[in-house]
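Quick notes on the structure that follows.
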Amino acid sequence: MHIATSPAFKQNASRALNDTGLQKALARSGPSFIARRAAAAAALPEFEALRDEARDIKNHALANLDFYLETYERNVLQAGGKVHWCATAEDARAAVLSICQAAGARTVTKGKSMIGEEIAINDHLEANGITPVETDLGEYIIQLRHELPSHIIAPAFHLNLEDWEETFRKAHTDLPADRSFTERRDILNEARARLRARFLAADVGITGANFLIAETGSSVIVTNEGNGDLTQTLPRVHIVLASIEKCVPTLEDCMSLLRVLARSATGQDFSVYTTFSTGARRPGDLDGPEEYHVVLIDNGRSGMLGSAFQDMLRCIRCAACMNHCPVYGVVGGHAYGWVYPGPMGAVLTPGLIGVDRAGHLPNASTFCGKCESVCPVRIPLPGLMRHWRERAFERHLMPGAARANLGLWAWFARRPRLYRWVTRAAAFGLGAVGRRRGRLGWLPMAGGWTKGRDLPAPEGDTFFARYAREQRARGRS
């Protein structure tokens, strides 16, 4: 099972900052996501209007989620499928195992699924004698390396070519030791040859779902590799793993969301493969599974409905927030210590595993607001992180020094005249101390900040003094 290391975020981040291989990978790959997303948005005049529409679709679906989930189940049943309602991760693992055992499965192929990572389905299947095989190229190598994904759309974001070569040589010992890995295609060809037999031998295929369509009972996956289609059409049994908030009302709503998903994620107009699955194979169908199962997972989501964190359930897993996050950009995904990294993980993870275990994550932000500005469904991520900070403060989960400093600041803030006098005196004193160098290399009670950077010495008046002066000038004009 995946043991969350989110409580050790500071230590994880420190190791990441000193990992030269990780820093190389982040510097190489990060900027390309940003540039491609910007180009895709600029090329679509109605992109901002589509973001508004996507937000409204998700808000409507969440406000009526019980109705749409029941409608979805009814249409899945009409199409010859079955829905398994699972309140917890344990329930979901048990449901998947039961389906696999009933099918006599020995090998299971899997498409990329973050909810699959969340419920640790691979570990559970292996513990019960069933071999899961990840078929997404990034997921395949991290399975070989026994790691979690470091990114929700690019699982092996943290790896360099030399890491791939080393891992493949260790795992594929039956191949010639002198084979070449000079190009990315060499990696791709070797993985394709390895996985082809697995696709053909699999008894069950497991995929995630980007969306569930209530109107038709369909599940939708988007990929840039053909593995998802092979996973859900070749085996006799197809299992869809999906969390409850993936449900949207209509096919038209789904298409609107797809228009912002790929553009926000990879800068594509559409992913290479966008596949709709509706039930089991019907008479006359050329392919498809004999059985179609949807394992519908709550695992804490219903507790977020109607709460201050409901907006987080709009997330369509595009990863735009982490692609643009300056904190994620220097520490990578594994530092966050669980399945969901970056700003979306800083909000979702405390909701799923508890703020007592993930309370550091909402603090892993500069609050620059870039995550909110690029989110295709306009989730107010900085505001939600502030909510979690407030919860941590209320529950006395913050360090004593931080609580004391905030309490001191609050005492002064409730006394405006004293606050202004103290800040003016502090600014004057710090300005005098740092005047010669123009910056301060150390500050009392701010050692964590000045350890890694200097603080510019204050110059001129405080904000309050300047604001008052500007207001007086406007009154005279």
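Chains: A, B, ... in order of the structure tokens. Residues: from 1 per chain. Ligands: from 1, in order shown.
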
Find the spatial neighbours of stretch 324-337 of chain A, counting only C-alpha atoms, within a cut-off of 6 Å - ignore same-chain residues fewer than 2 positions away - and output them as a PyMOL selection string. chain A and resi 4-6+9+12-13+16-17+150-151+321-322+341-342

Find the residues around A:Glu53 up to 10 Å (only C-alpha atoms counted), leave out those fewer than 4 positions away in its own chain, and share them as a list in words.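 Skipping anything fewer than 4 positions along the chain leaves Phe47, Glu48, Ala49, Ile57, Lys58, Asn59, Asp253, Ser256, Leu257, Val260, Pro376 and Val377 of chain A.
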
Would you save the residues of that selection, restricted to C-alpha atoms, as an mmCIF file, in the first residue's frame?
```cif
data_model
loop_
_atom_site.group_PDB
_atom_site.id
_atom_site.type_symbol
_atom_site.label_atom_id
_atom_site.label_comp_id
_atom_site.auth_asym_id
_atom_site.auth_seq_id
_atom_site.Cartn_x
_atom_site.Cartn_y
_atom_site.Cartn_z
ATOM 1 C CA PHE A 47 -11.226 29.795 -24.701
ATOM 2 C CA GLU A 48 -12.112 32.012 -21.724
ATOM 3 C CA ALA A 49 -15.835 31.610 -22.432
ATOM 4 C CA ILE A 57 -21.237 22.454 -16.120
ATOM 5 C CA LYS A 58 -19.281 21.007 -13.227
ATOM 6 C CA ASN A 59 -21.067 23.181 -10.677
ATOM 7 C CA ASP A 253 -21.379 18.808 -21.704
ATOM 8 C CA SER A 256 -17.322 21.201 -23.873
ATOM 9 C CA LEU A 257 -15.076 19.901 -21.107
ATOM 10 C CA VAL A 260 -10.555 22.772 -22.452
ATOM 11 C CA PRO A 376 -9.811 25.299 -17.026
ATOM 12 C CA VAL A 377 -12.702 25.062 -14.534
#
```

Nearest residue to A:Leu381 from the set A:Phe309, A:Trp338, A:Trp421, A:Tyr72 (distances using only C-alpha atoms):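 Closest to A:Leu381, using only C-alpha atoms: A:Phe309.
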
Which residues come within 9 Å of stretch 131-144 of chain A, counting only C-alpha atoms, excluding same-chain residues fewer than 3 positions away, as a PDB file with C-alpha atoms, in the first residue's frame?
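Contents of part.pdb, as written:
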```pdb
ATOM      1  CA  ALA A 105      -7.841 -13.607 -14.125  1.00  0.00           C
ATOM      2  CA  ARG A 106      -4.132 -14.153 -13.754  1.00  0.00           C
ATOM      3  CA  THR A 107      -2.977 -11.056 -15.655  1.00  0.00           C
ATOM      4  CA  VAL A 108      -4.601  -7.631 -15.710  1.00  0.00           C
ATOM      5  CA  THR A 109      -3.588  -4.807 -18.035  1.00  0.00           C
ATOM      6  CA  LYS A 110      -4.099  -1.252 -16.816  1.00  0.00           C
ATOM      7  CA  GLY A 111      -4.420   2.152 -18.391  1.00  0.00           C
ATOM      8  CA  LYS A 112      -3.248   5.220 -16.476  1.00  0.00           C
ATOM      9  CA  ILE A 121      -5.175  -1.444  -6.598  1.00  0.00           C
ATOM     10  CA  ASN A 122      -1.925  -2.851  -8.009  1.00  0.00           C
ATOM     11  CA  ASP A 123      -0.618  -3.816  -4.573  1.00  0.00           C
ATOM     12  CA  LEU A 125      -4.062  -7.511  -6.877  1.00  0.00           C
ATOM     13  CA  GLU A 126      -0.467  -8.649  -6.470  1.00  0.00           C
ATOM     14  CA  ASN A 128      -3.911 -11.900  -4.155  1.00  0.00           C
ATOM     15  CA  GLU A 147       7.484   4.465  -7.515  1.00  0.00           C
ATOM     16  CA  LEU A 148       4.394   6.629  -7.452  1.00  0.00           C
ATOM     17  CA  PRO A 149       3.671   8.938 -10.395  1.00  0.00           C
ATOM     18  CA  ALA A 154       3.175  12.615 -17.201  1.00  0.00           C
ATOM     19  CA  PRO A 155       3.858   9.966 -14.535  1.00  0.00           C
ATOM     20  CA  ALA A 156       7.599   9.747 -15.252  1.00  0.00           C
ATOM     21  CA  PHE A 157       8.078  13.520 -15.433  1.00  0.00           C
ATOM     22  CA  TRP A 164      14.977   4.953 -18.463  1.00  0.00           C
ATOM     23  CA  THR A 167      15.720   0.732 -15.485  1.00  0.00           C
ATOM     24  CA  PHE A 168      15.105  -1.117 -18.759  1.00  0.00           C
ATOM     25  CA  ALA A 171      14.268  -5.194 -15.830  1.00  0.00           C
ATOM     26  CA  LEU A 188       9.392   3.157 -27.007  1.00  0.00           C
ATOM     27  CA  ALA A 191       8.356  -1.150 -24.227  1.00  0.00           C
ATOM     28  CA  ARG A 192       5.979  -1.821 -27.124  1.00  0.00           C
ATOM     29  CA  LEU A 195       3.708  -5.045 -23.670  1.00  0.00           C
ATOM     30  CA  ARG A 198       0.710  -8.723 -22.182  1.00  0.00           C
ATOM     31  CA  PHE A 199      -2.193  -7.128 -24.031  1.00  0.00           C
ATOM     32  CA  ALA A 202      -4.719 -10.275 -20.234  1.00  0.00           C
ATOM     33  CA  THR A 223      -4.727   9.321 -23.989  1.00  0.00           C
ATOM     34  CA  GLU A 225      -0.987   6.315 -26.620  1.00  0.00           C
ATOM     35  CA  GLY A 226      -3.063   3.446 -27.969  1.00  0.00           C
ATOM     36  CA  ASN A 227      -2.716   1.504 -24.743  1.00  0.00           C
ATOM     37  CA  GLY A 228      -6.024   2.667 -23.325  1.00  0.00           C
ATOM     38  CA  THR A 231      -6.699  -2.310 -22.485  1.00  0.00           C
TER      39      THR A 231
END
```

Using 10 Å as the limit and counting only C-alpha atoms, can you tabulate each residue of stretch 296-345 of chain A that touches stretch 235-247 of chain A, with its shortest atom-to-atom distance in Å and the two atoms involved, as JSON lines?
```
{"residue": "A:Leu296", "atom": "CA", "partner": "A:Ala242", "partner_atom": "CA", "distance": 5.3}
{"residue": "A:Ile297", "atom": "CA", "partner": "A:Ser243", "partner_atom": "CA", "distance": 4.5}
{"residue": "A:Asp298", "atom": "CA", "partner": "A:Ile244", "partner_atom": "CA", "distance": 5.8}
{"residue": "A:Asn299", "atom": "CA", "partner": "A:Ser243", "partner_atom": "CA", "distance": 8.0}
{"residue": "A:Gly300", "atom": "CA", "partner": "A:Ser243", "partner_atom": "CA", "distance": 9.8}
{"residue": "A:Arg301", "atom": "CA", "partner": "A:Ile244", "partner_atom": "CA", "distance": 7.4}
{"residue": "A:Ser302", "atom": "CA", "partner": "A:Ile244", "partner_atom": "CA", "distance": 8.3}
{"residue": "A:Leu305", "atom": "CA", "partner": "A:Glu245", "partner_atom": "CA", "distance": 9.6}
{"residue": "A:Met312", "atom": "CA", "partner": "A:Glu245", "partner_atom": "CA", "distance": 9.9}
{"residue": "A:Leu313", "atom": "CA", "partner": "A:Glu245", "partner_atom": "CA", "distance": 6.1}
{"residue": "A:Arg314", "atom": "CA", "partner": "A:Glu245", "partner_atom": "CA", "distance": 7.4}
{"residue": "A:Cys315", "atom": "CA", "partner": "A:Glu245", "partner_atom": "CA", "distance": 8.7}
{"residue": "A:Ile316", "atom": "CA", "partner": "A:Lys246", "partner_atom": "CA", "distance": 7.8}
```

Calculate how many Å separate atom CA of A:Val355 from atom CA of A:Pro380, rounding to one decimal.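 Distance reported for this atom pair: 18.4 Å.
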
Given only C-alpha atoms as the counted atoms, nearest of A:Glu118, A:Asp454, A:Asp66, A:Glu73 to A:Arg437: A:Asp454

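Atom CA of A:Asp287 to atom CA of A:Gln232 spans 9.7 Å [interatomic distance, one decimal].
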
Any idea what's packed within 12 Å of A:Phe464, counting only C-alpha atoms, ignoring anything in its chain fewer than 3 positions away? Could you give it as an MDAnalysis selection string? chainID A and resid 416:417 419:424 427 460:461 467:471

Can you list, as a compact mmCIF listing (two decimals) with N, CA and C atoms, in the first residue's frame, every protein, DNA or RNA residue that comes within 7 Å of stretch 26-34 of chain A when you count only C-alpha atoms, leaving out same-chain residues fewer than 2 positions away?
```txt
# COMPACT_ATOMS: atom_id res chain seq x y z
N LEU A 22 16.78 15.07 -10.72
CA LEU A 22 15.43 15.62 -10.71
C LEU A 22 15.43 17.06 -11.21
N GLN A 23 16.39 17.84 -10.74
CA GLN A 23 16.44 19.24 -11.16
C GLN A 23 16.68 19.36 -12.68
N LYS A 24 17.45 18.45 -13.22
CA LYS A 24 17.67 18.43 -14.66
C LYS A 24 16.36 18.13 -15.40
N ARG A 36 3.11 25.50 -24.49
CA ARG A 36 2.09 24.87 -25.33
C ARG A 36 0.68 25.24 -24.88
N ARG A 37 0.47 25.33 -23.58
CA ARG A 37 -0.84 25.72 -23.09
C ARG A 37 -1.17 27.15 -23.51
N ALA A 38 -0.20 28.05 -23.40
CA ALA A 38 -0.43 29.45 -23.79
C ALA A 38 -0.76 29.57 -25.27
N HIS A 158 9.76 13.01 -13.75
CA HIS A 158 10.97 13.24 -12.97
C HIS A 158 12.18 12.49 -13.50
N THR A 266 -1.83 19.58 -22.32
CA THR A 266 -0.66 19.38 -23.18
C THR A 266 -0.60 20.38 -24.34
N ASN A 323 1.81 22.44 -13.62
CA ASN A 323 2.73 22.84 -14.68
C ASN A 323 3.17 24.29 -14.53
N HIS A 324 2.34 25.12 -13.91
CA HIS A 324 2.64 26.54 -13.76
C HIS A 324 3.07 26.91 -12.35
N GLY A 329 7.57 23.27 -9.58
CA GLY A 329 8.62 23.35 -10.59
C GLY A 329 10.02 23.13 -10.05
N VAL A 330 10.21 23.23 -8.73
CA VAL A 330 11.55 23.00 -8.17
C VAL A 330 11.62 21.79 -7.26
```

What's the 12 Å shell around stretch 382-386 of chain A, counting only C-alpha atoms, without same-chain residues fewer than 6 positions away, as an MDAnalysis selection string? chainID A and resid 304 307:313 321 325 342:351 355 358:373 375 392:393

Run DSSP on the backbone of this structure and report the residues of stretch 18-258 of chain A it assigns to helix (DSSP H, G or I), as a PyMOL selection string. chain A and resi 20-42+47-63+65-78+89-102+114-118+121-127+137-145+161-171+184-201+227-233+244-246+251-258

Nearest to A:Thr216 by atom-to-atom distance, counting only C-alpha atoms, from A:Leu258, A:His387, A:Leu234, A:Arg74: A:Arg74

Quick one: residues within 10 Å of A:Leu251, only C-alpha atoms, excluding same-chain residues fewer than 4 positions away - as a PDB file with N, CA and C atoms, in the first residue's frame?
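Listing of part02.pdb after writing:
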```
ATOM      1  N   PHE A 211     -14.261  11.159 -17.771  1.00  0.00           N
ATOM      2  CA  PHE A 211     -15.643  11.589 -17.555  1.00  0.00           C
ATOM      3  C   PHE A 211     -16.559  10.371 -17.596  1.00  0.00           C
ATOM      4  N   LEU A 212     -17.669  10.476 -16.883  1.00  0.00           N
ATOM      5  CA  LEU A 212     -18.776   9.531 -16.981  1.00  0.00           C
ATOM      6  C   LEU A 212     -19.985  10.332 -17.452  1.00  0.00           C
ATOM      7  N   ILE A 213     -20.666   9.859 -18.478  1.00  0.00           N
ATOM      8  CA  ILE A 213     -21.770  10.618 -19.064  1.00  0.00           C
ATOM      9  C   ILE A 213     -23.094  10.009 -18.620  1.00  0.00           C
ATOM     10  N   ALA A 214     -23.845  10.765 -17.818  1.00  0.00           N
ATOM     11  CA  ALA A 214     -25.105  10.256 -17.283  1.00  0.00           C
ATOM     12  C   ALA A 214     -26.099   9.945 -18.395  1.00  0.00           C
ATOM     13  N   GLU A 215     -26.166  10.784 -19.394  1.00  0.00           N
ATOM     14  CA  GLU A 215     -27.149  10.660 -20.467  1.00  0.00           C
ATOM     15  C   GLU A 215     -27.039   9.347 -21.224  1.00  0.00           C
ATOM     16  N   THR A 216     -25.816   8.842 -21.384  1.00  0.00           N
ATOM     17  CA  THR A 216     -25.591   7.660 -22.221  1.00  0.00           C
ATOM     18  C   THR A 216     -25.052   6.462 -21.454  1.00  0.00           C
ATOM     19  N   GLY A 217     -24.611   6.660 -20.201  1.00  0.00           N
ATOM     20  CA  GLY A 217     -23.985   5.566 -19.467  1.00  0.00           C
ATOM     21  C   GLY A 217     -22.596   5.239 -19.975  1.00  0.00           C
ATOM     22  N   SER A 218     -21.939   6.212 -20.605  1.00  0.00           N
ATOM     23  CA  SER A 218     -20.610   5.993 -21.199  1.00  0.00           C
ATOM     24  C   SER A 218     -19.498   6.435 -20.251  1.00  0.00           C
ATOM     25  N   MET A 255     -18.305  17.138 -24.280  1.00  0.00           N
ATOM     26  CA  MET A 255     -17.534  17.709 -25.379  1.00  0.00           C
ATOM     27  C   MET A 255     -17.005  19.093 -25.020  1.00  0.00           C
ATOM     28  N   SER A 256     -17.794  19.883 -24.304  1.00  0.00           N
ATOM     29  CA  SER A 256     -17.322  21.201 -23.873  1.00  0.00           C
ATOM     30  C   SER A 256     -16.123  21.067 -22.939  1.00  0.00           C
ATOM     31  N   LEU A 257     -16.185  20.116 -22.030  1.00  0.00           N
ATOM     32  CA  LEU A 257     -15.076  19.901 -21.107  1.00  0.00           C
ATOM     33  C   LEU A 257     -13.844  19.374 -21.829  1.00  0.00           C
TER      34      LEU A 257
END
```

Choose the residue, out of A:Gly431, A:Gly267, A:Gly288, A:Pro283, that has the smallest atom-to-atom separation from A:Ala35; count only C-alpha atoms.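 Answer, going by the shortest atom-to-atom distance: A:Gly267.
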